[in-house]
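Input: a single structure, listed below in structure tokens.
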Amino acid sequence: MTRNIFVFGVGGTGARVLRSLTMLLASGVKLSNTNKIIPIIIDVDAKNADTSRTLKALESYKLIRTQGYGDREDTREGFFNANLNTLSSIKPESGTTERLEDSFQLQFDNLETSFIKYIDPDEELVGDINMDFLEALYDNTPAGHPDYSHTELNLRLDMGFKGNPNIGCVVFNNLASTKEFKFVMKSIGEHDRIFIISSIFGGTGSSGFPQLVRLLQEEERLRNNVFGALTVMPYYKVSDDKKSAINSDRFDSKTEAALTYYSKYLKGKINCFYQLWDHPLKQYENKEGGEEQKNNAHLLELLGATAIVDFVNRSDDSFKSRDKTEYYDFGIKQEDQVIDVRHFFDKTRSTIMEPLTLFTYAKKLFLEVLPKFSNESFYKELELGTRMKNDIFFQHLTTFFRDHYMSWLREMMDNERKFQPFNVGENLDFNSMVRGKPIEVVKILGIVKNGGITESFLKTKFGVIEDELKKSIPDTEKEKRFLKLMNRVAAECFSKLESLPSMN
Amino acid sequence: MFSLLYELLGGKNNNPVYATTIFPAVGLFTIILSVLFAVIFYVLLGRWRPVWDKQKHWLITMILLALIASGLAYSQARNGTEDEADAYMFTFSMINALYAVVYFVILSLLFKRASIFAKRTPF
């Protein structure tokens, strides 16, 4: 039985974990019994750079997948095989004439204002006792004070909740009235699964998560669906800035308060609860939101994405009832500042790291090797000369490999703790790409007997595999043939490596 | 048939041994040679590894074939007629080289489909 998976990414961390999930699915990580993955980003900070680049990666993925495989759901192997799609691609069982924007983001209405104007747009509460109550509940530093614009009642909502869950929960209450959310409620089928990603130490995620669970489970029809959640606890700090509303010294206390709340009010509502944390080693620049909030990708976000893969691949009978919520952590073999493939246990190595290795080979093949092979027959057969320049599929593939995937990988390499599974310098050869396991070049009397992954090896494999694929995939589906070709050649490179490095 | 082809470009020779023995033998061997070259280029090398599959390789192969075809025609003419070398023999060897090139081009169009690495050679 196949099903759809609805993955809600709440706030900046939600968007960043979805960015990692996009990379994993692009690499061909396998999902069992799944029709569509529907990522839904919920972030009130409309200009948040983390959210924007996740959206761009998702849109690129969707285009590559659609051009490569069409809207088929039976493609189960290879790069970009998972049908990652927008909410508007779902046809609700109950039928609706509502048309949605083809977007991965769920939009709130009327947030281009301050919190006080949001809850009292017509200033009806001025002088009212309820206003006194609001002023007692929320910080209301008077106008003219240097901190005025950062204080709770005067906070601009379209910049996010800046670590204020007490504001977030008020705004999230109105989520149910948006047409997108109503569409979500109608779209979730009986056997579909729901997964919610949030951070616990900020504003949007920590307030949005419990509200979202409540709103979804208010619907009688959804009470038997399987719910999973990932809560990310503090894993970075921000620099001290008195002008900023965000202060990382409060992350731990906020986490504790939120966990206490969750243990009480989310009891019996979630089947699988994944929790992640790390010693906050990295201090990011203190940016309150908007275009400036662009935190580098982090290993923890990748591990968060593996939680979604684990949740999706579980069989129905492996879930216990919601009143027996199962909790999961993620562990590595050894504490280190620099993490690579060897630090993971076998399951993660085979389900996650192996596809990522293939995709990294493919990235190198696509960006560095293919341009040198323009005289080869497979290149001409696939009309890559003109298509690379003019075809939207190849343009997006270039963008995905160069801008989305490489940036993501490099950011994790530079972050702390560092995640450095591959040597990705442009002049490095294929044989030394996987960190911790170079492919040995075998020479006898100075003559190369086995050169590992050489240019000649790659030319041969590209030619032979394209010739083979041509017999089963017609010229009308050259995009699909190209994706399969890249996957097969990357697999041949992996066969030279034999296996991923391991830790003894 | 071969007599017709050779006499079309080189004219008729008074020595009947050309029409009865030399033209058919040289013509047949030239075709076999061209097929052999095309098979080696497109099927053996063209499916083995991408080492001899580009346009320049195809040109070199064709020139080599033309030289061999020319030498074959010349030696067959000398041996067949047992005469001293003359202008007709030289013309005949050139015509045979030309036919070898023509056969190879036609065979290339047929055999390139069977190749992996030379599928798009020469065009």
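Letters for chains follow the order of the structure tokens (A, B, ...), residue numbers begin at 1 for each chain, and ligand numbers begin at 1 in the order shown.
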
So that I can check the secondary structure, give me every residue of stretch 204-409 of chain A assigned strand (DSSP E) by backbone DSSP, as a PyMOL selection string. chain A and resi 226-232+236-238+272-276+282-284+326-328+338-339

Polymer residues at most 12 Å from B:Val26, only C-alpha atoms, same-chain spacing of 2 or more positions, as a ChimeraX atom specification: /B:1-3,5-6,18-24,28-34,68-77,79-80,92-93,95-97,99-100

Counting only C-alpha atoms, which residue out of B:His57, B:Arg78, B:Arg49, B:Lys112 sits closest to chain A?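 Of all the options, B:Arg49 lies closest to chain A.
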
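For the pair atom CA of A:Glu59 and atom CA of A:Phe104, the separation is 8.0 Å.
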
Taking only C-alpha atoms into account, which residues of chain B are within 10 Å of chain A, as an MDAnalysis selection string? chainID B and resid 47:51 53:55 114:121 123

Could you give me the residues within chain B that DSSP places in alpha helix (DSSP H), as JSON, numbers by chain? {"B": [2, 3, 4, 5, 6, 7, 8, 9, 10, 17, 23, 24, 25, 26, 27, 28, 29, 30, 31, 32, 33, 34, 35, 36, 37, 38, 46, 47, 48, 55, 56, 57, 58, 59, 60, 61, 62, 63, 64, 65, 66, 67, 68, 69, 70, 71, 72, 73, 74, 75, 76, 77, 78, 79, 80, 81, 87, 88, 89, 90, 91, 92, 93, 94, 95, 96, 97, 98, 99, 100, 101, 102, 103, 104, 105, 106, 107, 108, 109, 110, 111]}

Go ahead and compute the interatomic distance for atom CA of A:Lys372 and atom CA of A:Phe400, in Å to one decimal.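 Distance between the two atoms: 20.0 Å.
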
With only C-alpha atoms as the atoms that count, which of A:Leu259, A:Leu445, A:Leu397, A:Ile5 lies nearest to A:Gly68?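 Using only C-alpha atoms, A:Gly68 sits closest to A:Leu397.
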
For A:Leu500, the nearest of the candidates A:Ile473, A:Leu276, A:Met433, A:Ile453, counting only C-alpha atoms: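 Distance minimum relative to A:Leu500 lands on A:Met433.
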